[in-house]
Amino acid sequence: MARKWQTVRVFISSTFRDMHAERDHLVKVVFPALRERLLPYRMHLDDIDLRWGVTEEQADKDMALDLCLDQIDQARPFFVGILGERYGYVPESFSDEADSKYGWIQYHTGKSITELEIIHGVLRKHEMQPRAMFFFRDPAFIADVPEPLRPQVQAEDDESAEKLNRLKQKIADADLPIAPITYPCQYAGLRINWRVARFELDGADVQPLEAVAGDGKITTKEYETLDDHLREIVNDQAVIYLDHLEEFGQAVQDRLWEAIRAEYSLPEEPPTPVEGERDELAEEMDFHEQFMESRLRVYVGREVVQQELTDFADGDETVPCLVTGPSGSGKSAALARFATAYADEHEDVLVIPHFIGASPASTNLRQMLRRFCLSLQREFEFTETREQEGQEPETVPAEVKQAVNELIPQFRDFCEQVPEDRRVLLVIDALNQLDEGDNAHALYWLPQEWQPHVKVIVSCVADPDRPEKVLEAFEHRPHHLVQIAGLTGNERLEIVSEVPSLSAKTLDPHQVGLLLDNPATENPLFLLVALEELRGFGSFEHLNSRIQALPREGDVTTAIFIQVIERLEDEFGKEMTREILTLLASARRGLSERELSELVESVDQAGNLFPILRQLRPYLQHRGELIDFYHRNLYRAVRQQYLETEESRTASHTRLADYFAAQDYFMESLEEQRERAKRLPPTPRPANVRKVDELPWQRLQVAILAGKDDPKSEHWDAVADLLTDWQFLEAKAEAEP
């Protein structure tokens, strides 16, 4: 039985304005890596970073402390404390609620919220101490901070400095199982979020400031050139930017991982079946359950669609049900909700959900049909039944590479053999994402007529600007149509209430109004991406401006992905972000992590490859080992941002063509090939499938873009040379289909 999903909550305690760099590093780098590591254990990780989330009304009522302490209780036992040189805000009074719930605070007046968090979360709670960890910032970097900015990172006054020293000593004296460490860092200037700044600055100030800080960063030398007026603006808009936080981040990641392992008794690696005991159906189902879980952590409304799907599944129709809607309309989430709820409510029905892009094998037609056949065979024991009836048993071969023309009749036959007193429901999401091999989009493999007790529900994107072969195929066959419309006002309001709460954040009524006043939020994908971008935004003071800066007109979903790209450029480097995204957008079927690593290894900040991929994880899919875009709007955003010209597209395709051209055609050395030739019976050499698939396509794209209509172009010659190269032809012939 699959392990139930669990949620790990981690509370981050520190002062705010001087700790943006550390908190950003945790939120953008460390926690995504831990989330990825925890997913195979069926565990979610929610980081509680309250730089915003306490509303103005709550702050006015002195409720900030109450909310912070409550979140610590909910996050037990994981507590990450970070202390620099500032002591932090000292509340003048406590709310009646806080006094009532936490009577001990009456004996700790004059202490900062940060110290009260530490007292409540760790020092007063011995059961918390084995899972609490503290990190003290080495103050040496302050010497490089310009004098006018040092108050942001130094103690507020002598009394505060003394209080902070006593607090650090209390932590050291507590003899915690995870000993505090001091970590280094380096001052790297100031950072400005221009998307926000342009909303808040007077137009006359933008141009002179952009001349100095157009890239969003201000070095010490650049800061010294600013006049008093611009310095005042910078001091308000910018945050101190620290570098060399890798040691800090790795220390948090390692200690938190070990604490989570100890708390939940997790093995170092997720359990894997030994050879001979693997259950490929269970392993594949786990991928799809993980995908559905990712879409259902927050799911609201859409009751009309759910009822339509339920009525179809319960009815007598014998045609497929087709669910359509524009990009980002929530088809996958709707089908995930339906498949999960229907299976829970109808234990006698075999529900087989298949979300294309959820697993390495899910995008391949043959693998999908094979999965359906194996599932039906296991459930209904067709082999045993046919033997009892004196018929030749029909089984799904153990060989995974079964031909599609063998699988299709077997799939149809198995569907027809389902006993009339049993029911089967196949749910196939995103048919347009199927690999185009085997002419899968023509749907010849999908029966037009089904038995009343065997149902199939499929989905396909329907965008007006792009025809879909899947939808064209459905035009010529009967089907039941269900269309997904935009979110209602109540559905949007509920999503805005639910999604930020995963990280203990709350938008106040004014901010909710600002967000939902944007008509683009009727699209679920736009709204969820917007909320994710706001969740990682680290400034309470500028949050309203960030909401106002969200796209409102045109192709808004593509536009918000452009904002995601620009944020990645700011956080991980423009060159590195561009390289990864242009390579993915220019590949024929995506690229593997190994291929991406080799392609970007010479790029500055190449170590940011995996942090960038983790940030994009919700918007990517896997085709076997290959990573590709899941959302079409992200692909469009990359094209608009980096690949608008023929020159840029030609350069990217040329780079990939050169990369694959440099590889060998076969995966064995010459000596290994000779040894293979001596063995009988002869077996084909393992061809480099990626090379024979990508190289001709990449060269063809270069020829189309650069060679155009000139048949004598060297680019067309390169295509012709490849197609007459006996090594290429031999490898192509021996490659696995």
# chains A, B, ... in the order shown; residues from 1 in each chain; ligands from 1

call {"tool": "residues_around", "arguments": {"residues": "Glu569 in chain A", "least_positions_apart": "5", "cutoff": "12 Å", "atoms": "only C-alpha atoms", "output": "JSON, numbers by chain"}}
result
{"A": [193, 215, 216, 562, 563, 564, 574, 575, 576, 577, 578, 579, 580, 581, 605, 608, 612, 615, 641]}

call {"tool": "write_last_selection", "arguments": {"atoms": "all heavy atoms", "output": "compact mmCIF listing (two decimals), in the first residue's frame"}}
result
# COMPACT_ATOMS: atom_id res chain seq x y z
N ASN A 193 14.22 45.74 -7.36
CA ASN A 193 13.22 45.07 -8.18
C ASN A 193 12.57 46.12 -9.07
O ASN A 193 11.70 46.87 -8.64
CB ASN A 193 12.18 44.39 -7.29
CG ASN A 193 11.20 43.53 -8.09
OD1 ASN A 193 10.79 43.91 -9.19
ND2 ASN A 193 10.83 42.40 -7.54
N ASP A 215 20.57 46.97 -14.44
CA ASP A 215 20.54 45.51 -14.27
C ASP A 215 19.97 45.08 -12.94
O ASP A 215 19.95 43.88 -12.61
CB ASP A 215 21.95 44.93 -14.43
CG ASP A 215 22.92 45.46 -13.38
OD1 ASP A 215 22.54 46.38 -12.62
OD2 ASP A 215 24.06 44.96 -13.32
N GLY A 216 19.47 46.05 -12.16
CA GLY A 216 18.86 45.72 -10.88
C GLY A 216 19.84 45.62 -9.74
O GLY A 216 19.44 45.37 -8.59
N ILE A 562 6.93 35.36 -18.72
CA ILE A 562 8.07 36.25 -19.00
C ILE A 562 8.55 36.87 -17.69
O ILE A 562 9.76 37.00 -17.45
CB ILE A 562 7.68 37.32 -20.03
CG1 ILE A 562 7.51 36.68 -21.42
CG2 ILE A 562 8.74 38.43 -20.09
CD1 ILE A 562 7.06 37.63 -22.50
N GLN A 563 7.63 37.24 -16.81
CA GLN A 563 8.04 37.76 -15.50
C GLN A 563 8.77 36.70 -14.69
O GLN A 563 9.72 37.02 -13.96
CB GLN A 563 6.82 38.28 -14.75
CG GLN A 563 6.20 39.53 -15.35
CD GLN A 563 5.19 40.18 -14.44
OE1 GLN A 563 4.87 39.68 -13.35
NE2 GLN A 563 4.66 41.33 -14.86
N VAL A 564 8.33 35.45 -14.79
CA VAL A 564 9.04 34.36 -14.10
C VAL A 564 10.47 34.27 -14.63
O VAL A 564 11.43 34.15 -13.86
CB VAL A 564 8.31 33.02 -14.30
CG1 VAL A 564 9.15 31.86 -13.76
CG2 VAL A 564 6.95 33.04 -13.61
N LYS A 574 21.46 36.11 -15.81
CA LYS A 574 20.76 36.21 -17.09
C LYS A 574 21.28 35.20 -18.10
O LYS A 574 20.50 34.54 -18.80
CB LYS A 574 20.90 37.63 -17.64
CG LYS A 574 20.07 37.89 -18.89
CD LYS A 574 20.02 39.37 -19.22
CE LYS A 574 19.07 39.62 -20.39
NZ LYS A 574 18.92 41.07 -20.67
N GLU A 575 22.61 35.07 -18.19
CA GLU A 575 23.18 34.18 -19.19
C GLU A 575 22.78 32.73 -18.94
O GLU A 575 22.38 32.00 -19.85
CB GLU A 575 24.70 34.30 -19.22
CG GLU A 575 25.35 33.43 -20.29
CD GLU A 575 26.87 33.51 -20.26
OE1 GLU A 575 27.42 34.12 -19.32
OE2 GLU A 575 27.49 32.93 -21.17
N MET A 576 22.85 32.31 -17.68
CA MET A 576 22.53 30.92 -17.36
C MET A 576 21.06 30.63 -17.62
O MET A 576 20.71 29.58 -18.17
CB MET A 576 22.89 30.64 -15.90
CG MET A 576 22.79 29.18 -15.53
SD MET A 576 23.93 28.16 -16.49
CE MET A 576 23.44 26.54 -15.92
N THR A 577 20.19 31.53 -17.21
CA THR A 577 18.75 31.34 -17.44
C THR A 577 18.46 31.26 -18.93
O THR A 577 17.70 30.38 -19.39
CB THR A 577 17.96 32.49 -16.80
OG1 THR A 577 18.27 32.56 -15.41
CG2 THR A 577 16.47 32.29 -16.98
N ARG A 578 19.05 32.17 -19.70
CA ARG A 578 18.84 32.17 -21.15
C ARG A 578 19.32 30.87 -21.78
O ARG A 578 18.64 30.27 -22.63
CB ARG A 578 19.55 33.36 -21.79
CG ARG A 578 19.32 33.45 -23.32
CD ARG A 578 20.12 34.57 -23.96
NE ARG A 578 21.55 34.32 -23.87
CZ ARG A 578 22.40 35.06 -23.18
NH1 ARG A 578 21.96 36.10 -22.50
NH2 ARG A 578 23.68 34.76 -23.14
N GLU A 579 20.50 30.41 -21.37
CA GLU A 579 21.06 29.20 -21.96
C GLU A 579 20.14 28.00 -21.74
O GLU A 579 19.84 27.26 -22.67
CB GLU A 579 22.44 28.91 -21.36
CG GLU A 579 23.53 29.85 -21.79
CD GLU A 579 23.84 29.74 -23.28
OE1 GLU A 579 24.03 28.61 -23.74
OE2 GLU A 579 23.85 30.77 -23.96
N ILE A 580 19.70 27.80 -20.53
CA ILE A 580 18.87 26.64 -20.21
C ILE A 580 17.56 26.68 -21.00
O ILE A 580 17.16 25.69 -21.63
CB ILE A 580 18.58 26.59 -18.70
CG1 ILE A 580 19.87 26.31 -17.92
CG2 ILE A 580 17.53 25.52 -18.38
CD1 ILE A 580 19.70 26.47 -16.42
N LEU A 581 16.90 27.83 -20.99
CA LEU A 581 15.58 27.91 -21.60
C LEU A 581 15.64 27.88 -23.12
O LEU A 581 14.78 27.27 -23.77
CB LEU A 581 14.86 29.17 -21.11
CG LEU A 581 14.49 29.14 -19.62
CD1 LEU A 581 13.88 30.46 -19.18
CD2 LEU A 581 13.52 28.00 -19.33
N GLN A 605 28.27 30.69 -13.86
CA GLN A 605 27.23 30.28 -12.91
C GLN A 605 26.53 28.99 -13.35
O GLN A 605 25.33 28.80 -13.12
CB GLN A 605 26.19 31.39 -12.71
CG GLN A 605 26.78 32.66 -12.08
CD GLN A 605 25.74 33.73 -11.86
OE1 GLN A 605 24.93 34.01 -12.71
NE2 GLN A 605 25.80 34.35 -10.69
N ASN A 608 24.09 26.86 -11.23
CA ASN A 608 22.69 27.22 -10.99
C ASN A 608 21.73 26.41 -11.86
O ASN A 608 20.52 26.68 -11.83
CB ASN A 608 22.47 28.71 -11.25
CG ASN A 608 23.01 29.57 -10.12
OD1 ASN A 608 23.11 29.12 -8.99
ND2 ASN A 608 23.37 30.80 -10.43
N ILE A 612 17.63 26.37 -11.02
CA ILE A 612 16.69 26.93 -12.01
C ILE A 612 15.66 25.88 -12.40
O ILE A 612 14.45 26.17 -12.48
CB ILE A 612 17.46 27.44 -13.25
CG1 ILE A 612 18.28 28.69 -12.88
CG2 ILE A 612 16.49 27.78 -14.38
CD1 ILE A 612 19.18 29.18 -13.99
N GLN A 615 13.08 25.54 -9.73
CA GLN A 615 12.12 26.65 -9.74
C GLN A 615 11.06 26.44 -10.81
O GLN A 615 9.89 26.81 -10.63
CB GLN A 615 12.85 27.97 -10.00
CG GLN A 615 13.70 28.45 -8.84
CD GLN A 615 12.89 29.14 -7.78
OE1 GLN A 615 12.17 30.10 -8.07
NE2 GLN A 615 12.97 28.67 -6.56
N GLN A 641 11.12 35.97 -25.40
CA GLN A 641 12.21 36.57 -24.63
C GLN A 641 13.55 36.40 -25.32
O GLN A 641 14.39 37.31 -25.28
CB GLN A 641 12.24 35.95 -23.23
CG GLN A 641 13.10 36.70 -22.23
CD GLN A 641 12.43 37.96 -21.71
OE1 GLN A 641 11.42 38.42 -22.26
NE2 GLN A 641 12.98 38.54 -20.67

call {"tool": "residues_around", "arguments": {"residues": "range 436-438 of chain A", "least_positions_apart": "2", "cutoff": "8 Å", "atoms": "only C-alpha atoms", "output": "number ranges by chain"}}
result
A: 364-365, 404, 434, 440-441

call {"tool": "closest_atom_pairs", "arguments": {"of": "range 292-383 of chain A", "to": "range 503-522 of chain A", "cutoff": "12 Å", "atoms": "only C-alpha atoms", "output": "CSV"}}
result
residue,atom,partner,partner_atom,distance
A:Pro326,CA,A:Glu522,CA,11.7
A:Gly328,CA,A:Glu522,CA,10.0
A:Ser329,CA,A:Glu522,CA,8.6
A:Gly330,CA,A:Glu522,CA,10.7

call {"tool": "atom_distance", "arguments": {"atom1": "CA of Leu116 in chain A", "atom2": "CA of Ser497 in chain A"}}
result
28.0 Å

call {"tool": "residues_around", "arguments": {"residues": "range 419-426 of chain A", "least_positions_apart": "4", "cutoff": "9 Å", "atoms": "only C-alpha atoms", "output": "mmCIF file with all heavy atoms, in the first residue's frame"}}
result
data_model
loop_
_atom_site.group_PDB
_atom_site.id
_atom_site.type_symbol
_atom_site.label_atom_id
_atom_site.label_comp_id
_atom_site.auth_asym_id
_atom_site.auth_seq_id
_atom_site.Cartn_x
_atom_site.Cartn_y
_atom_site.Cartn_z
ATOM 1 N N ALA A 313 -19.743 9.291 -16.548
ATOM 2 C CA ALA A 313 -19.212 8.012 -16.071
ATOM 3 C C ALA A 313 -20.319 7.085 -15.606
ATOM 4 O O ALA A 313 -20.225 5.856 -15.770
ATOM 5 C CB ALA A 313 -18.220 8.264 -14.936
ATOM 6 N N ALA A 339 -10.950 11.942 -11.064
ATOM 7 C CA ALA A 339 -10.454 10.563 -10.992
ATOM 8 C C ALA A 339 -10.274 10.123 -9.544
ATOM 9 O O ALA A 339 -10.615 8.992 -9.173
ATOM 10 C CB ALA A 339 -9.143 10.431 -11.759
ATOM 11 N N ASP A 348 -15.877 -0.334 -6.491
ATOM 12 C CA ASP A 348 -16.065 -1.465 -7.400
ATOM 13 C C ASP A 348 -15.681 -1.130 -8.840
ATOM 14 O O ASP A 348 -15.720 -1.995 -9.713
ATOM 15 C CB ASP A 348 -17.525 -1.918 -7.371
ATOM 16 C CG ASP A 348 -18.485 -0.794 -7.774
ATOM 17 O OD1 ASP A 348 -18.170 0.378 -7.478
ATOM 18 O OD2 ASP A 348 -19.528 -1.096 -8.382
ATOM 19 N N VAL A 349 -15.315 0.130 -9.098
ATOM 20 C CA VAL A 349 -14.942 0.563 -10.452
ATOM 21 C C VAL A 349 -13.421 0.624 -10.558
ATOM 22 O O VAL A 349 -12.758 1.188 -9.675
ATOM 23 C CB VAL A 349 -15.552 1.942 -10.787
ATOM 24 C CG1 VAL A 349 -15.130 2.388 -12.188
ATOM 25 C CG2 VAL A 349 -17.073 1.890 -10.680
ATOM 26 N N LEU A 350 -12.872 0.041 -11.617
ATOM 27 C CA LEU A 350 -11.437 0.149 -11.872
ATOM 28 C C LEU A 350 -11.179 1.476 -12.576
ATOM 29 O O LEU A 350 -11.528 1.638 -13.748
ATOM 30 C CB LEU A 350 -10.949 -1.020 -12.738
ATOM 31 C CG LEU A 350 -9.480 -0.936 -13.190
ATOM 32 C CD1 LEU A 350 -8.542 -0.947 -11.985
ATOM 33 C CD2 LEU A 350 -9.146 -2.065 -14.168
ATOM 34 N N VAL A 351 -10.602 2.424 -11.867
ATOM 35 C CA VAL A 351 -10.275 3.732 -12.429
ATOM 36 C C VAL A 351 -8.778 3.754 -12.723
ATOM 37 O O VAL A 351 -7.960 3.550 -11.817
ATOM 38 C CB VAL A 351 -10.649 4.874 -11.469
ATOM 39 C CG1 VAL A 351 -10.281 6.228 -12.082
ATOM 40 C CG2 VAL A 351 -12.131 4.825 -11.130
ATOM 41 N N ILE A 352 -8.415 3.996 -13.989
ATOM 42 C CA ILE A 352 -7.009 4.056 -14.383
ATOM 43 C C ILE A 352 -6.719 5.468 -14.885
ATOM 44 O O ILE A 352 -7.028 5.810 -16.028
ATOM 45 C CB ILE A 352 -6.671 3.031 -15.485
ATOM 46 C CG1 ILE A 352 -7.164 1.636 -15.103
ATOM 47 C CG2 ILE A 352 -5.167 3.019 -15.745
ATOM 48 C CD1 ILE A 352 -6.939 0.596 -16.178
ATOM 49 N N PRO A 353 -6.139 6.332 -14.035
ATOM 50 C CA PRO A 353 -5.797 7.686 -14.492
ATOM 51 C C PRO A 353 -4.448 7.686 -15.207
ATOM 52 O O PRO A 353 -3.497 7.040 -14.755
ATOM 53 C CB PRO A 353 -5.730 8.476 -13.182
ATOM 54 C CG PRO A 353 -5.329 7.460 -12.150
ATOM 55 C CD PRO A 353 -5.847 6.128 -12.606
ATOM 56 N N HIS A 354 -4.377 8.405 -16.315
ATOM 57 C CA HIS A 354 -3.117 8.500 -17.056
ATOM 58 C C HIS A 354 -2.915 9.958 -17.450
ATOM 59 O O HIS A 354 -3.592 10.482 -18.343
ATOM 60 C CB HIS A 354 -3.152 7.617 -18.302
ATOM 61 C CG HIS A 354 -1.803 7.475 -18.956
ATOM 62 N ND1 HIS A 354 -0.914 6.486 -18.616
ATOM 63 C CD2 HIS A 354 -1.191 8.216 -19.916
ATOM 64 C CE1 HIS A 354 0.187 6.604 -19.346
ATOM 65 N NE2 HIS A 354 0.035 7.654 -20.139
ATOM 66 N N PHE A 372 -2.323 0.128 -19.918
ATOM 67 C CA PHE A 372 -3.746 -0.192 -19.851
ATOM 68 C C PHE A 372 -3.975 -1.698 -19.957
ATOM 69 O O PHE A 372 -4.772 -2.278 -19.209
ATOM 70 C CB PHE A 372 -4.507 0.534 -20.963
ATOM 71 C CG PHE A 372 -4.576 2.028 -20.786
ATOM 72 C CD1 PHE A 372 -4.740 2.863 -21.882
ATOM 73 C CD2 PHE A 372 -4.485 2.612 -19.533
ATOM 74 C CE1 PHE A 372 -4.811 4.232 -21.732
ATOM 75 C CE2 PHE A 372 -4.545 3.981 -19.362
ATOM 76 C CZ PHE A 372 -4.718 4.803 -20.466
ATOM 77 N N LEU A 376 -5.643 -4.079 -17.029
ATOM 78 C CA LEU A 376 -6.855 -4.861 -17.267
ATOM 79 C C LEU A 376 -6.589 -6.349 -17.076
ATOM 80 O O LEU A 376 -7.418 -7.077 -16.506
ATOM 81 C CB LEU A 376 -7.383 -4.584 -18.680
ATOM 82 C CG LEU A 376 -7.897 -3.156 -18.922
ATOM 83 C CD1 LEU A 376 -8.136 -2.919 -20.408
ATOM 84 C CD2 LEU A 376 -9.188 -2.916 -18.137
ATOM 85 N N PHE A 380 -8.662 -8.435 -14.165
ATOM 86 C CA PHE A 380 -9.701 -9.389 -14.572
ATOM 87 C C PHE A 380 -9.165 -10.781 -14.893
ATOM 88 O O PHE A 380 -9.928 -11.655 -15.289
ATOM 89 C CB PHE A 380 -10.462 -8.824 -15.779
ATOM 90 C CG PHE A 380 -11.139 -7.516 -15.482
ATOM 91 C CD1 PHE A 380 -10.681 -6.333 -16.044
ATOM 92 C CD2 PHE A 380 -12.213 -7.457 -14.603
ATOM 93 C CE1 PHE A 380 -11.289 -5.123 -15.764
ATOM 94 C CE2 PHE A 380 -12.828 -6.248 -14.316
ATOM 95 C CZ PHE A 380 -12.366 -5.082 -14.885
ATOM 96 N N CYS A 415 -10.523 -4.474 -23.532
ATOM 97 C CA CYS A 415 -11.654 -3.613 -23.162
ATOM 98 C C CYS A 415 -12.985 -4.323 -23.408
ATOM 99 O O CYS A 415 -13.936 -4.178 -22.624
ATOM 100 C CB CYS A 415 -11.605 -2.306 -23.954
ATOM 101 S SG CYS A 415 -10.281 -1.177 -23.455
ATOM 102 N N GLN A 451 -18.153 -0.189 -24.793
ATOM 103 C CA GLN A 451 -19.243 -0.823 -24.067
ATOM 104 C C GLN A 451 -19.753 0.141 -22.998
ATOM 105 O O GLN A 451 -18.973 0.937 -22.452
ATOM 106 C CB GLN A 451 -18.766 -2.117 -23.417
ATOM 107 C CG GLN A 451 -18.281 -3.160 -24.415
ATOM 108 C CD GLN A 451 -17.955 -4.461 -23.715
ATOM 109 O OE1 GLN A 451 -18.830 -5.280 -23.462
ATOM 110 N NE2 GLN A 451 -16.678 -4.652 -23.391
ATOM 111 N N PRO A 452 -21.043 0.076 -22.654
ATOM 112 C CA PRO A 452 -21.588 1.027 -21.664
ATOM 113 C C PRO A 452 -20.894 0.956 -20.309
ATOM 114 O O PRO A 452 -20.872 1.960 -19.585
ATOM 115 C CB PRO A 452 -23.065 0.613 -21.550
ATOM 116 C CG PRO A 452 -23.364 -0.088 -22.830
ATOM 117 C CD PRO A 452 -22.098 -0.787 -23.223
ATOM 118 N N HIS A 453 -20.318 -0.211 -19.964
ATOM 119 C CA HIS A 453 -19.676 -0.328 -18.658
ATOM 120 C C HIS A 453 -18.165 -0.068 -18.721
ATOM 121 O O HIS A 453 -17.460 -0.239 -17.721
ATOM 122 C CB HIS A 453 -19.945 -1.708 -18.038
ATOM 123 C CG HIS A 453 -19.473 -2.849 -18.874
ATOM 124 N ND1 HIS A 453 -20.096 -3.218 -20.050
ATOM 125 C CD2 HIS A 453 -18.431 -3.710 -18.719
ATOM 126 C CE1 HIS A 453 -19.468 -4.260 -20.576
ATOM 127 N NE2 HIS A 453 -18.447 -4.561 -19.790
ATOM 128 N N VAL A 454 -17.656 0.327 -19.879
ATOM 129 C CA VAL A 454 -16.250 0.711 -20.044
ATOM 130 C C VAL A 454 -16.229 2.131 -20.619
ATOM 131 O O VAL A 454 -16.671 2.356 -21.746
ATOM 132 C CB VAL A 454 -15.482 -0.252 -20.961
ATOM 133 C CG1 VAL A 454 -14.027 0.191 -21.087
ATOM 134 C CG2 VAL A 454 -15.558 -1.679 -20.430
ATOM 135 N N LYS A 455 -15.733 3.068 -19.845
ATOM 136 C CA LYS A 455 -15.767 4.476 -20.250
ATOM 137 C C LYS A 455 -14.353 5.009 -20.437
ATOM 138 O O LYS A 455 -13.403 4.556 -19.777
ATOM 139 C CB LYS A 455 -16.456 5.322 -19.174
ATOM 140 C CG LYS A 455 -17.870 4.895 -18.840
ATOM 141 C CD LYS A 455 -18.839 5.348 -19.902
ATOM 142 C CE LYS A 455 -20.268 5.104 -19.441
ATOM 143 N NZ LYS A 455 -21.242 5.514 -20.456
ATOM 144 N N VAL A 456 -14.227 6.025 -21.299
ATOM 145 C CA VAL A 456 -12.960 6.730 -21.436
ATOM 146 C C VAL A 456 -13.232 8.224 -21.460
ATOM 147 O O VAL A 456 -14.146 8.699 -22.147
ATOM 148 C CB VAL A 456 -12.192 6.296 -22.710
ATOM 149 C CG1 VAL A 456 -12.969 6.622 -23.974
ATOM 150 C CG2 VAL A 456 -10.816 6.961 -22.744
ATOM 151 N N ILE A 457 -12.484 8.954 -20.650
ATOM 152 C CA ILE A 457 -12.540 10.418 -20.621
ATOM 153 C C ILE A 457 -11.152 10.924 -20.972
ATOM 154 O O ILE A 457 -10.160 10.520 -20.352
ATOM 155 C CB ILE A 457 -12.952 10.935 -19.234
ATOM 156 C CG1 ILE A 457 -14.354 10.450 -18.868
ATOM 157 C CG2 ILE A 457 -12.887 12.460 -19.180
ATOM 158 C CD1 ILE A 457 -14.787 10.810 -17.452
ATOM 159 N N VAL A 458 -11.060 11.781 -21.972
ATOM 160 C CA VAL A 458 -9.771 12.314 -22.410
ATOM 161 C C VAL A 458 -9.844 13.834 -22.413
ATOM 162 O O VAL A 458 -10.924 14.418 -22.426
ATOM 163 C CB VAL A 458 -9.396 11.798 -23.813
ATOM 164 C CG1 VAL A 458 -9.362 10.276 -23.838
ATOM 165 C CG2 VAL A 458 -10.357 12.324 -24.871
#

call {"tool": "select_by_dssp", "arguments": {"residues": "range 24-193 of chain A", "states": "alpha helix (DSSP H)", "output": "VMD selection string"}}
result
chain A and resid 24 to 25 31 to 38 56 to 60 64 to 75 96 to 101 113 to 118 158 to 173

call {"tool": "write_last_selection", "arguments": {"atoms": "C-alpha atoms", "output": "short mmCIF file (atom, residue, chain, number, x, y, z; two decimals), in the first residue's frame"}}
result
data_model
loop_
_atom_site.label_atom_id
_atom_site.label_comp_id
_atom_site.auth_asym_id
_atom_site.auth_seq_id
_atom_site.Cartn_x
_atom_site.Cartn_y
_atom_site.Cartn_z
CA ASP A 24 15.78 34.30 -0.40
CA HIS A 25 18.52 31.68 -0.60
CA PHE A 31 13.83 24.42 0.11
CA PRO A 32 13.19 23.52 -3.56
CA ALA A 33 16.06 21.02 -3.33
CA LEU A 34 14.58 19.52 -0.17
CA ARG A 35 11.11 19.37 -1.74
CA GLU A 36 12.51 17.44 -4.67
CA ARG A 37 14.29 15.06 -2.30
CA LEU A 38 11.16 14.48 -0.20
CA GLU A 56 -1.93 45.62 8.26
CA GLU A 57 -5.09 45.19 10.35
CA GLN A 58 -3.51 42.33 12.31
CA ALA A 59 -0.37 44.40 12.88
CA ASP A 60 -2.45 47.38 14.06
CA ALA A 64 1.84 39.84 14.83
CA LEU A 65 3.39 38.01 17.78
CA ASP A 66 0.29 35.87 18.29
CA LEU A 67 0.36 34.81 14.64
CA CYS A 68 4.08 34.05 14.67
CA LEU A 69 3.88 31.92 17.80
CA ASP A 70 0.85 30.09 16.43
CA GLN A 71 2.75 29.26 13.23
CA ILE A 72 5.67 27.95 15.30
CA ASP A 73 3.25 25.60 17.06
CA GLN A 74 1.92 24.39 13.70
CA ALA A 75 5.44 23.90 12.33
CA ASP A 96 -5.24 40.21 24.62
CA GLU A 97 -5.25 37.00 22.57
CA ALA A 98 -1.49 36.62 22.91
CA ASP A 99 -1.63 37.36 26.65
CA SER A 100 -4.35 34.75 27.07
CA LYS A 101 -2.75 32.01 24.98
CA ILE A 113 9.61 39.32 18.36
CA THR A 114 12.60 37.35 17.10
CA GLU A 115 13.75 36.52 20.64
CA LEU A 116 10.20 35.67 21.72
CA GLU A 117 9.95 33.29 18.75
CA ILE A 118 13.16 31.57 19.83
CA ASP A 158 24.03 49.55 22.35
CA GLU A 159 21.13 48.14 24.37
CA SER A 160 19.95 46.07 21.39
CA ALA A 161 23.47 44.82 20.78
CA GLU A 162 23.70 43.67 24.39
CA LYS A 163 20.31 41.93 24.21
CA LEU A 164 21.37 40.15 21.02
CA ASN A 165 24.65 38.97 22.56
CA ARG A 166 22.77 37.60 25.57
CA LEU A 167 20.34 35.80 23.26
CA LYS A 168 23.15 34.17 21.30
CA GLN A 169 24.76 33.12 24.56
CA LYS A 170 21.48 31.57 25.76
CA ILE A 171 21.32 29.55 22.56
CA ALA A 172 24.92 28.43 22.95
CA ASP A 173 24.35 27.52 26.61
#

call {"tool": "select_by_dssp", "arguments": {"residues": "range 191-361 of chain A", "states": "strand (DSSP E or B)", "output": "list in words"}}
result
Arg191, Lys217, Ile218, Val239, Ile240, Tyr241, Leu242, Asp243, Cys321, Leu322, Val323, Thr324, Gly325, Val349, Leu350, Val351, Ile352, Pro353, His354 and Phe355 of chain A

call {"tool": "residues_around", "arguments": {"residues": "Gly110 in chain A", "least_positions_apart": "5", "cutoff": "8 Å", "atoms": "only C-alpha atoms", "output": "VMD selection string"}}
result
chain A and resid 90 to 92

call {"tool": "atom_distance", "arguments": {"atom1": "CA of Cys373 in chain A", "atom2": "CA of Ile356 in chain A"}}
result
16.8 Å

call {"tool": "residues_around", "arguments": {"residues": "Gln307 in chain A", "least_positions_apart": "4", "cutoff": "12 Å", "atoms": "only C-alpha atoms", "output": "ChimeraX atom specification"}}
result
/A:301-303,311-315,334-335,337-338,341-342,482
